[in-house]
file coords-v5.csv (CSV, C-alpha atoms)
chain,number,residue,atom,x,y,z
B,1,MET,CA,0.0,0.0,0.0
B,2,LEU,CA,2.9,2.3,0.8
B,3,TYR,CA,4.2,1.8,-2.8
B,4,ILE,CA,0.8,2.9,-4.2
B,5,LYS,CA,0.8,5.9,-2.0
B,6,ARG,CA,4.3,6.9,-3.1
B,7,LYS,CA,3.6,6.5,-6.8
B,8,LEU,CA,0.2,8.4,-6.9
B,9,PRO,CA,-0.3,12.1,-6.7
B,10,LYS,CA,-1.6,13.0,-3.2
B,11,LYS,CA,-4.8,14.4,-4.7
B,12,ILE,CA,-5.7,11.0,-6.3
B,13,PHE,CA,-4.5,8.8,-3.4
B,14,LYS,CA,-6.8,10.8,-0.9
B,15,GLN,CA,-9.8,9.8,-3.0
B,16,ILE,CA,-9.0,6.0,-2.9
B,17,ASN,CA,-10.3,3.6,-0.3
B,18,LYS,CA,-11.1,0.0,0.4
B,19,ILE,CA,-7.9,-1.3,-1.4
B,20,LYS,CA,-7.8,-5.1,-1.6
B,21,PHE,CA,-5.3,-7.4,-3.2
B,22,HIS,CA,-6.7,-9.3,-6.3
B,23,TYR,CA,-4.0,-10.9,-8.5
B,24,LYS,CA,-0.3,-11.2,-9.1
B,25,GLY,CA,1.0,-12.0,-12.6
B,26,PHE,CA,4.3,-12.0,-14.4
B,27,HIS,CA,4.7,-8.2,-14.6
B,28,ASN,CA,2.2,-6.7,-12.2
B,29,ARG,CA,0.3,-6.9,-8.9
B,30,THR,CA,-3.4,-5.9,-9.1
B,31,TYR,CA,-5.6,-4.4,-6.5
B,32,VAL,CA,-9.4,-3.6,-6.4
B,33,ALA,CA,-10.3,-0.3,-4.8
B,34,TYR,CA,-12.8,2.6,-4.9
B,35,LEU,CA,-11.9,6.0,-6.4
B,36,ASN,CA,-14.6,8.2,-4.8
B,37,ASP,CA,-17.6,5.9,-5.5
B,38,VAL,CA,-16.2,4.3,-8.6
B,39,LYS,CA,-14.8,0.7,-8.4
B,40,VAL,CA,-11.4,0.6,-10.0
B,41,GLN,CA,-8.5,-1.7,-10.7
B,42,ILE,CA,-5.0,-0.5,-9.6
B,43,ARG,CA,-2.2,-2.2,-11.4
B,44,VAL,CA,1.3,-1.9,-9.9
B,45,ALA,CA,4.4,-2.9,-11.9
B,46,ILE,CA,6.6,-5.4,-10.0
B,47,ASN,CA,9.5,-5.7,-12.5
B,48,LYS,CA,10.9,-4.2,-15.7
B,49,ILE,CA,10.3,-7.2,-18.0
B,50,ALA,CA,7.7,-5.3,-20.0
B,51,ASP,CA,8.5,-1.8,-21.4
B,52,HIS,CA,5.4,0.2,-20.8
B,53,LYS,CA,6.2,3.1,-23.2
B,54,ASP,CA,3.9,1.9,-25.9
B,55,GLU,CA,1.2,0.7,-23.5
B,56,ILE,CA,1.0,4.2,-22.0
B,57,ILE,CA,0.4,5.8,-25.4
B,58,PHE,CA,-2.3,3.2,-26.0
B,59,LEU,CA,-4.0,3.6,-22.6
B,60,LYS,CA,-4.1,7.4,-22.7
B,61,ASN,CA,-6.4,6.9,-25.7
B,62,ASN,CA,-8.7,4.5,-23.8
B,63,GLU,CA,-11.5,6.2,-21.9
B,64,ASP,CA,-11.7,3.5,-19.2
B,65,TYR,CA,-8.2,4.4,-17.9
B,66,ILE,CA,-8.1,7.2,-15.3
B,67,TYR,CA,-4.4,7.4,-14.5
B,68,VAL,CA,-1.4,5.8,-16.3
B,69,THR,CA,2.4,5.8,-15.6
B,70,PRO,CA,5.1,3.2,-16.2
B,71,TYR,CA,4.7,2.2,-12.5
B,72,ILE,CA,1.0,2.3,-11.8
B,73,ALA,CA,-2.3,2.4,-13.7
B,74,ILE,CA,-5.9,3.0,-12.6
B,75,LYS,CA,-8.9,1.9,-14.7
B,76,LYS,CA,-12.6,1.4,-14.3
B,77,TRP,CA,-13.4,-2.0,-12.9
B,78,TYR,CA,-15.1,-4.4,-15.3
B,79,GLU,CA,-17.6,-6.5,-13.3
B,80,GLY,CA,-17.3,-10.1,-14.5
B,81,ASP,CA,-14.6,-12.8,-14.6
B,82,ILE,CA,-11.7,-13.8,-16.7
B,83,TYR,CA,-12.7,-15.4,-20.0
B,84,LEU,CA,-13.0,-19.1,-18.8
B,85,LYS,CA,-14.2,-21.9,-21.0
B,86,LYS,CA,-17.6,-22.0,-19.2
B,87,TYR,CA,-18.4,-18.5,-20.6
B,88,GLN,CA,-17.2,-19.2,-24.1
B,89,THR,CA,-19.6,-19.6,-27.0
B,90,LYS,CA,-19.2,-18.9,-30.7
B,91,GLU,CA,-21.1,-15.7,-30.2
B,92,SER,CA,-18.8,-14.5,-27.4
B,93,ASP,CA,-15.7,-15.4,-29.4
B,94,PHE,CA,-17.0,-13.3,-32.4
B,95,LEU,CA,-17.5,-10.4,-29.9
B,96,LEU,CA,-13.8,-10.8,-28.9
B,97,LEU,CA,-12.7,-10.7,-32.5
B,98,ASP,CA,-14.7,-7.4,-32.9
B,99,GLU,CA,-12.9,-6.0,-29.9
B,100,LEU,CA,-9.6,-7.0,-31.5
B,101,LYS,CA,-10.6,-5.3,-34.7
B,102,LYS,CA,-11.0,-2.1,-32.8
B,103,VAL,CA,-7.4,-2.4,-31.6
B,104,TRP,CA,-6.1,-3.2,-35.1
B,105,ASN,CA,-7.8,-0.2,-36.5
B,106,THR,CA,-6.2,2.2,-33.9
B,107,ASN,CA,-3.9,4.7,-35.4
B,108,LEU,CA,-1.0,5.3,-33.0
B,109,ASN,CA,2.7,5.8,-33.4
B,110,LEU,CA,4.0,2.7,-31.5
B,111,SER,CA,7.3,0.8,-31.6
B,112,LYS,CA,7.4,-2.1,-34.1
B,113,MET,CA,7.5,-5.6,-32.7
B,114,ASN,CA,11.0,-7.1,-32.8
B,115,TRP,CA,10.8,-10.7,-34.1
B,116,HIS,CA,14.6,-11.0,-33.6
B,117,PHE,CA,14.6,-10.1,-29.9
B,118,TYR,CA,15.4,-13.6,-28.8
B,119,LYS,CA,17.9,-14.2,-31.6
B,120,THR,CA,16.1,-17.2,-33.0
B,121,LYS,CA,18.3,-19.1,-35.5
B,122,ASP,CA,15.5,-21.4,-36.9
B,123,LYS,CA,15.8,-21.1,-40.7
B,124,LYS,CA,12.1,-21.4,-41.5
B,125,TYR,CA,11.3,-18.8,-38.8
B,126,LEU,CA,13.8,-16.3,-40.3
B,127,GLU,CA,12.5,-16.9,-43.8
B,128,ILE,CA,8.9,-16.2,-42.8
B,129,VAL,CA,9.8,-13.1,-40.8
B,130,ASP,CA,11.7,-11.8,-43.8
B,131,LYS,CA,8.8,-12.6,-46.1
B,132,TYR,CA,6.5,-10.4,-44.1
B,133,GLN,CA,9.0,-7.7,-43.1
B,134,ASN,CA,6.7,-4.9,-44.5
B,135,ASP,CA,3.6,-6.3,-42.9
B,136,PHE,CA,4.1,-5.2,-39.3
B,137,ASN,CA,2.1,-1.9,-39.4
B,138,GLU,CA,-1.0,-2.6,-37.3
B,139,VAL,CA,-1.5,-1.9,-33.6
B,140,ILE,CA,-1.8,-5.3,-31.9
B,141,HIS,CA,-2.7,-6.4,-28.4
B,142,GLY,CA,0.3,-8.7,-28.3
B,143,ASP,CA,-0.9,-11.1,-25.5
B,144,VAL,CA,-4.4,-12.3,-26.3
B,145,ARG,CA,-5.4,-15.1,-23.9
B,146,PRO,CA,-8.3,-15.8,-21.5
B,147,LYS,CA,-6.6,-14.2,-18.5
B,148,ASN,CA,-6.2,-10.9,-20.4
B,149,THR,CA,-9.9,-10.9,-21.3
B,150,ILE,CA,-12.9,-10.2,-19.1
B,151,PHE,CA,-16.4,-11.6,-19.7
B,152,THR,CA,-18.6,-9.0,-18.1
B,153,ILE,CA,-21.9,-9.6,-16.2
B,154,ASP,CA,-23.8,-8.1,-19.1
B,155,LYS,CA,-22.1,-10.6,-21.4
B,156,LYS,CA,-19.7,-8.3,-23.1
B,157,VAL,CA,-16.1,-9.1,-23.8
B,158,LYS,CA,-13.4,-6.6,-22.8
B,159,LEU,CA,-9.6,-6.8,-23.4
B,160,ILE,CA,-7.2,-5.9,-20.6
B,161,ASP,CA,-3.5,-5.8,-20.0
B,162,PHE,CA,-1.9,-4.1,-23.0
B,163,GLU,CA,1.8,-4.3,-21.8
B,164,TRP,CA,2.8,-5.9,-25.1
B,165,THR,CA,0.9,-3.6,-27.5
B,166,ARG,CA,3.1,-2.7,-30.4
B,167,LYS,CA,3.0,-2.2,-34.2
B,168,GLY,CA,2.8,-5.6,-35.7
B,169,SER,CA,0.5,-7.8,-37.6
B,170,LYS,CA,-3.1,-8.7,-36.6
B,171,TYR,CA,-2.1,-12.3,-37.5
B,172,PHE,CA,-0.1,-12.4,-34.3
B,173,ASP,CA,-3.2,-11.8,-32.2
B,174,ILE,CA,-5.2,-14.1,-34.3
B,175,VAL,CA,-2.8,-17.0,-33.7
B,176,SER,CA,-3.0,-16.4,-30.0
B,177,PHE,CA,-6.8,-16.2,-30.2
B,178,LEU,CA,-7.0,-19.6,-32.0
B,179,LYS,CA,-5.3,-21.4,-29.2
B,180,PHE,CA,-8.3,-21.0,-26.9
B,181,SER,CA,-11.2,-20.2,-29.3
B,182,VAL,CA,-14.2,-22.4,-29.7
B,183,LEU,CA,-14.4,-21.2,-33.3
B,184,THR,CA,-12.8,-23.3,-36.0
B,185,LYS,CA,-9.9,-22.0,-38.0
B,186,ASP,CA,-12.0,-21.8,-41.1
B,187,GLU,CA,-14.7,-19.8,-39.3
B,188,VAL,CA,-12.1,-17.2,-38.2
B,189,ILE,CA,-10.6,-17.1,-41.7
B,190,ASP,CA,-14.0,-16.4,-43.2
B,191,TYR,CA,-15.0,-13.9,-40.5
B,192,LEU,CA,-11.8,-11.8,-40.8
B,193,LYS,CA,-11.2,-12.5,-44.5
B,194,LEU,CA,-7.8,-13.9,-43.9
B,195,ASP,CA,-5.1,-15.4,-46.2
B,196,LYS,CA,-4.9,-19.1,-45.3
B,197,GLU,CA,-1.2,-19.5,-46.3
B,198,LYS,CA,-0.3,-16.4,-44.4
B,199,LEU,CA,-2.1,-17.6,-41.3
B,200,GLU,CA,-0.2,-20.9,-41.4
B,201,ASP,CA,3.1,-19.0,-41.7
B,202,TYR,CA,2.2,-16.9,-38.7
B,203,ILE,CA,1.1,-20.0,-36.7
B,204,TYR,CA,4.7,-21.3,-37.1
B,205,ILE,CA,6.5,-18.1,-36.1
B,206,VAL,CA,4.2,-17.0,-33.3
B,207,ASN,CA,4.4,-20.4,-31.7
B,208,LEU,CA,8.2,-20.4,-31.9
B,209,PHE,CA,8.5,-16.8,-30.7
B,210,ASN,CA,6.3,-17.6,-27.7
B,211,LYS,CA,8.1,-20.8,-26.9
B,212,THR,CA,11.4,-19.1,-26.9
B,213,SER,CA,10.2,-16.2,-24.8
B,214,TYR,CA,8.9,-18.5,-22.1
B,215,GLU,CA,12.2,-20.5,-22.1
B,216,VAL,CA,14.3,-17.4,-21.9
B,217,VAL,CA,12.2,-15.1,-19.6
B,218,TYR,CA,9.2,-16.7,-17.9
B,219,ASP,CA,10.0,-20.3,-17.1
B,220,HIS,CA,10.6,-19.8,-13.4
B,221,ILE,CA,8.2,-17.0,-12.7
B,222,LYS,CA,5.0,-17.8,-10.9
B,223,ASP,CA,1.7,-16.6,-12.3
B,224,PHE,CA,-1.3,-17.1,-10.1
B,225,TYR,CA,-4.9,-15.9,-9.7
B,226,VAL,CA,-6.7,-14.9,-6.5
B,227,ASN,CA,-10.5,-14.7,-6.5
B,228,THR,CA,-12.2,-11.9,-4.6
call {"tool": "encode", "arguments": {"input": "coords-v5.csv", "output": "structure tokens"}}
result
Amino acid sequence: MLYIKRKLPKKIFKQINKIKFHYKGFHNRTYVAYLNDVKVQIRVAINKIADHKDEIIFLKNNEDYIYVTPYIAIKKWYEGDIYLKKYQTKESDFLLLDELKKVWNTNLNLSKMNWHFYKTKDKKYLEIVDKYQNDFNEVIHGDVRPKNTIFTIDKKVKLIDFEWTRKGSKYFDIVSFLKFSVLTKDEVIDYLKLDKEKLEDYIYIVNLFNKTSYEVVYDHIKDFYVNT
């Protein structure tokens, strides 16, 4: 709590009450609180694995976020639960794709995703990245998965946790989405009017990129969820 107090302007901290721990992830610790009478999420950075520069640019254009810095962010609370299998239907997955389309259509000057960050030497990977080197121009979420998605009590789907938002290709997010979606690959291709060959290429490089990142960075970091 002392850290939150130190990182917030006094004017804002004085308006906050009923702070309660909610969740600890790879990069942040999350609290639930009230800012005046509005229920909010307070997210506190716990390491420097994620560079929040691009995220801050993105969140400052998001009306649900009240206060944003590299160390702490306050946003309106979404009443609901993380996007567990019990909530998933084809209809809700299409709603999530619609939310992703809003991200992809955002026009912001963000850093480009670095496919060579982990110095992968796999020949096929390098050939595919080179093939699409001029393709990385859309704003992407960068970490689409159930725990970064909220299914609200009014059955809406909301994306959260934009630490890895960058300029990249929407196909990166789509591959991540397909890992947990109840939609078939063909249904997603038809809905988004995707190129089948390109999608298969991205499935290869995204899977290898993520596998390498977990081996290098995340393998020994706990990630757990606490219900409130």
call {"tool": "atom_distance", "arguments": {"input": "coords-v5.csv", "atom1": "CA of Ser176 (chain B)", "atom2": "CA of Val144 (chain B)"}}
result
5.7 Å
call {"tool": "closest_residue", "arguments": {"input": "coords-v5.csv", "among": "B:Tyr87, B:Phe21, B:Tyr71, B:Phe58", "to": "Trp164 (chain B)", "atoms": "all atoms listed in the file"}}
result
B:Phe58
call {"tool": "atom_distance", "arguments": {"input": "coords-v5.csv", "atom1": "CA of Pro70 (chain B)", "atom2": "CA of Trp115 (chain B)"}}
result
23.4 Å
call {"tool": "closest_residue", "arguments": {"input": "coords-v5.csv", "among": "B:Tyr67, B:Phe177, B:Phe151, B:Phe209", "to": "Leu8 (chain B)", "atoms": "only C-alpha atoms"}}
result
B:Tyr67
call {"tool": "atom_distance", "arguments": {"input": "coords-v5.csv", "atom1": "CA of Tyr31 (chain B)", "atom2": "CA of Phe180 (chain B)"}}
result
26.4 Å
call {"tool": "residues_around", "arguments": {"input": "coords-v5.csv", "residues": "Gln15 (chain B)", "least_positions_apart": "5", "cutoff": "12 Å", "atoms": "all atoms listed in the file", "output": "ChimeraX atom specification"}}
result
/B:5,8-10,33-40
call {"tool": "axis_aligned_box", "arguments": {"input": "coords-v5.csv", "around": "region 17-31 of chain B", "padding_each_side": "4 Å", "output": "JSON"}}
result
{"center_x": -3.2, "center_y": -4.2, "center_z": -7.1, "size_x": 23.8, "size_y": 23.6, "size_z": 23.0}
call {"tool": "residues_around", "arguments": {"input": "coords-v5.csv", "residues": "region 96-98 of chain B", "least_positions_apart": "4", "cutoff": "10 Å", "atoms": "only C-alpha atoms", "output": "list of chain:residue names"}}
result
B:Lys90, B:Glu91, B:Ser92, B:Lys102, B:Val103, B:Trp104, B:Val144, B:Thr149, B:Ile150, B:Phe151, B:Lys156, B:Val157, B:Lys158, B:Leu159, B:Asp173, B:Ile174, B:Phe177, B:Ser181, B:Val188, B:Tyr191, B:Leu192
call {"tool": "closest_residue", "arguments": {"input": "coords-v5.csv", "among": "B:Leu183, B:Ile205, B:Val129, B:Leu194", "to": "Leu95 (chain B)", "atoms": "only C-alpha atoms"}}
result
B:Leu183
call {"tool": "residues_near_point", "arguments": {"input": "coords-v5.csv", "point": "(-14.2, -15.2, -16.0)", "cutoff": "9 Å", "atoms": "only C-alpha atoms", "output": "JSON, numbers by chain"}}
result
{"B": [80, 81, 82, 83, 84, 85, 86, 87, 146, 147, 149, 150, 151, 152]}
call {"tool": "closest_residue", "arguments": {"input": "coords-v5.csv", "among": "B:Ile42, B:Glu163, B:Arg6, B:Asn134", "to": "Lys18 (chain B)", "atoms": "all atoms listed in the file"}}
result
B:Ile42
call {"tool": "closest_residue", "arguments": {"input": "coords-v5.csv", "among": "B:Tyr3, B:Phe172, B:Phe162, B:Tyr118", "to": "Leu199 (chain B)", "atoms": "only C-alpha atoms"}}
result
B:Phe172
call {"tool": "closest_residue", "arguments": {"input": "coords-v5.csv", "among": "B:Lys76, B:Lys24, B:Arg29, B:Lys60", "to": "Gln41 (chain B)", "atoms": "all atoms listed in the file"}}
result
B:Lys76
call {"tool": "decode", "arguments": {"input": "coords-v5.csv", "residues": "region 10-48 of chain B", "atoms": "N, CA and C atoms", "output": "mmCIF file, in the first residue's frame"}}
result
data_model
loop_
_atom_site.group_PDB
_atom_site.id
_atom_site.type_symbol
_atom_site.label_atom_id
_atom_site.label_comp_id
_atom_site.auth_asym_id
_atom_site.auth_seq_id
_atom_site.Cartn_x
_atom_site.Cartn_y
_atom_site.Cartn_z
ATOM 1 N N LYS B 10 -0.880 12.973 -4.445
ATOM 2 C CA LYS B 10 -1.643 13.016 -3.188
ATOM 3 C C LYS B 10 -3.129 13.240 -3.442
ATOM 4 N N LYS B 11 -3.434 14.084 -4.419
ATOM 5 C CA LYS B 11 -4.829 14.414 -4.723
ATOM 6 C C LYS B 11 -5.626 13.165 -5.092
ATOM 7 N N ILE B 12 -4.992 12.251 -5.857
ATOM 8 C CA ILE B 12 -5.672 11.018 -6.266
ATOM 9 C C ILE B 12 -5.707 10.013 -5.119
ATOM 10 N N PHE B 13 -4.574 9.849 -4.425
ATOM 11 C CA PHE B 13 -4.519 8.848 -3.354
ATOM 12 C C PHE B 13 -5.550 9.129 -2.261
ATOM 13 N N LYS B 14 -5.788 10.392 -1.965
ATOM 14 C CA LYS B 14 -6.758 10.756 -0.926
ATOM 15 C C LYS B 14 -8.181 10.341 -1.289
ATOM 16 N N GLN B 15 -8.427 10.139 -2.595
ATOM 17 C CA GLN B 15 -9.771 9.775 -3.044
ATOM 18 C C GLN B 15 -9.976 8.262 -3.097
ATOM 19 N N ILE B 16 -8.902 7.496 -2.800
ATOM 20 C CA ILE B 16 -8.951 6.037 -2.906
ATOM 21 C C ILE B 16 -9.184 5.397 -1.544
ATOM 22 N N ASN B 17 -10.056 4.387 -1.511
ATOM 23 C CA ASN B 17 -10.287 3.647 -0.275
ATOM 24 C C ASN B 17 -10.642 2.193 -0.584
ATOM 25 N N LYS B 18 -10.730 1.385 0.456
ATOM 26 C CA LYS B 18 -11.096 -0.038 0.354
ATOM 27 C C LYS B 18 -10.182 -0.801 -0.614
ATOM 28 N N ILE B 19 -8.880 -0.574 -0.492
ATOM 29 C CA ILE B 19 -7.921 -1.260 -1.362
ATOM 30 C C ILE B 19 -7.782 -2.725 -0.936
ATOM 31 N N LYS B 20 -7.900 -3.640 -1.921
ATOM 32 C CA LYS B 20 -7.836 -5.074 -1.634
ATOM 33 C C LYS B 20 -7.022 -5.792 -2.712
ATOM 34 N N PHE B 21 -6.077 -6.634 -2.293
ATOM 35 C CA PHE B 21 -5.271 -7.399 -3.248
ATOM 36 C C PHE B 21 -6.152 -8.344 -4.063
ATOM 37 N N HIS B 22 -5.847 -8.457 -5.373
ATOM 38 C CA HIS B 22 -6.665 -9.291 -6.257
ATOM 39 C C HIS B 22 -5.861 -10.351 -7.000
ATOM 40 N N TYR B 23 -4.687 -9.983 -7.523
ATOM 41 C CA TYR B 23 -4.012 -10.878 -8.460
ATOM 42 C C TYR B 23 -2.551 -10.490 -8.623
ATOM 43 N N LYS B 24 -1.680 -11.498 -8.762
ATOM 44 C CA LYS B 24 -0.284 -11.250 -9.098
ATOM 45 C C LYS B 24 0.066 -12.024 -10.352
ATOM 46 N N GLY B 25 0.599 -11.331 -11.357
ATOM 47 C CA GLY B 25 0.985 -11.962 -12.609
ATOM 48 C C GLY B 25 2.479 -11.874 -12.840
ATOM 49 N N PHE B 26 2.900 -12.074 -14.099
ATOM 50 C CA PHE B 26 4.315 -12.031 -14.436
ATOM 51 C C PHE B 26 4.919 -10.643 -14.221
ATOM 52 N N HIS B 27 4.119 -9.597 -14.533
ATOM 53 C CA HIS B 27 4.674 -8.247 -14.556
ATOM 54 C C HIS B 27 4.085 -7.304 -13.521
ATOM 55 N N ASN B 28 2.898 -7.634 -12.999
ATOM 56 C CA ASN B 28 2.167 -6.683 -12.167
ATOM 57 C C ASN B 28 1.497 -7.342 -10.968
ATOM 58 N N ARG B 29 1.171 -6.502 -10.016
ATOM 59 C CA ARG B 29 0.295 -6.881 -8.909
ATOM 60 C C ARG B 29 -0.962 -6.027 -9.043
ATOM 61 N N THR B 30 -2.141 -6.638 -8.921
ATOM 62 C CA THR B 30 -3.398 -5.930 -9.139
ATOM 63 C C THR B 30 -4.209 -5.835 -7.851
ATOM 64 N N TYR B 31 -4.781 -4.653 -7.644
ATOM 65 C CA TYR B 31 -5.640 -4.405 -6.488
ATOM 66 C C TYR B 31 -7.000 -3.911 -6.967
ATOM 67 N N VAL B 32 -8.023 -4.184 -6.170
ATOM 68 C CA VAL B 32 -9.351 -3.607 -6.381
ATOM 69 C C VAL B 32 -9.530 -2.516 -5.335
ATOM 70 N N ALA B 33 -10.113 -1.387 -5.741
ATOM 71 C CA ALA B 33 -10.315 -0.279 -4.800
ATOM 72 C C ALA B 33 -11.481 0.569 -5.279
ATOM 73 N N TYR B 34 -11.738 1.631 -4.546
ATOM 74 C CA TYR B 34 -12.755 2.606 -4.947
ATOM 75 C C TYR B 34 -12.112 3.984 -5.037
ATOM 76 N N LEU B 35 -12.309 4.630 -6.165
ATOM 77 C CA LEU B 35 -11.874 6.008 -6.363
ATOM 78 C C LEU B 35 -13.130 6.858 -6.270
ATOM 79 N N ASN B 36 -13.265 7.568 -5.151
ATOM 80 C CA ASN B 36 -14.557 8.163 -4.796
ATOM 81 C C ASN B 36 -15.567 7.020 -4.712
ATOM 82 N N ASP B 37 -16.585 7.011 -5.524
ATOM 83 C CA ASP B 37 -17.566 5.922 -5.465
ATOM 84 C C ASP B 37 -17.457 4.972 -6.657
ATOM 85 N N VAL B 38 -16.384 5.104 -7.424
ATOM 86 C CA VAL B 38 -16.211 4.287 -8.627
ATOM 87 C C VAL B 38 -15.254 3.131 -8.336
ATOM 88 N N LYS B 39 -15.695 1.901 -8.601
ATOM 89 C CA LYS B 39 -14.834 0.736 -8.410
ATOM 90 C C LYS B 39 -13.759 0.725 -9.488
ATOM 91 N N VAL B 40 -12.499 0.550 -9.059
ATOM 92 C CA VAL B 40 -11.389 0.613 -10.003
ATOM 93 C C VAL B 40 -10.410 -0.536 -9.777
ATOM 94 N N GLN B 41 -9.602 -0.765 -10.796
ATOM 95 C CA GLN B 41 -8.463 -1.673 -10.710
ATOM 96 C C GLN B 41 -7.207 -0.820 -10.615
ATOM 97 N N ILE B 42 -6.344 -1.141 -9.652
ATOM 98 C CA ILE B 42 -5.039 -0.486 -9.553
ATOM 99 C C ILE B 42 -3.981 -1.524 -9.900
ATOM 100 N N ARG B 43 -3.241 -1.275 -10.942
ATOM 101 C CA ARG B 43 -2.214 -2.214 -11.394
ATOM 102 C C ARG B 43 -0.839 -1.633 -11.092
ATOM 103 N N VAL B 44 -0.031 -2.395 -10.376
ATOM 104 C CA VAL B 44 1.284 -1.927 -9.940
ATOM 105 C C VAL B 44 2.368 -2.793 -10.578
ATOM 106 N N ALA B 45 3.324 -2.183 -11.263
ATOM 107 C CA ALA B 45 4.424 -2.929 -11.882
ATOM 108 C C ALA B 45 5.323 -3.526 -10.807
ATOM 109 N N ILE B 46 5.763 -4.779 -11.008
ATOM 110 C CA ILE B 46 6.637 -5.432 -10.026
ATOM 111 C C ILE B 46 8.014 -5.761 -10.606
ATOM 112 N N ASN B 47 8.206 -5.524 -11.898
ATOM 113 C CA ASN B 47 9.522 -5.710 -12.512
ATOM 114 C C ASN B 47 9.573 -4.902 -13.808
ATOM 115 N N LYS B 48 10.684 -5.004 -14.513
ATOM 116 C CA LYS B 48 10.868 -4.225 -15.743
ATOM 117 C C LYS B 48 10.920 -5.116 -16.979
#
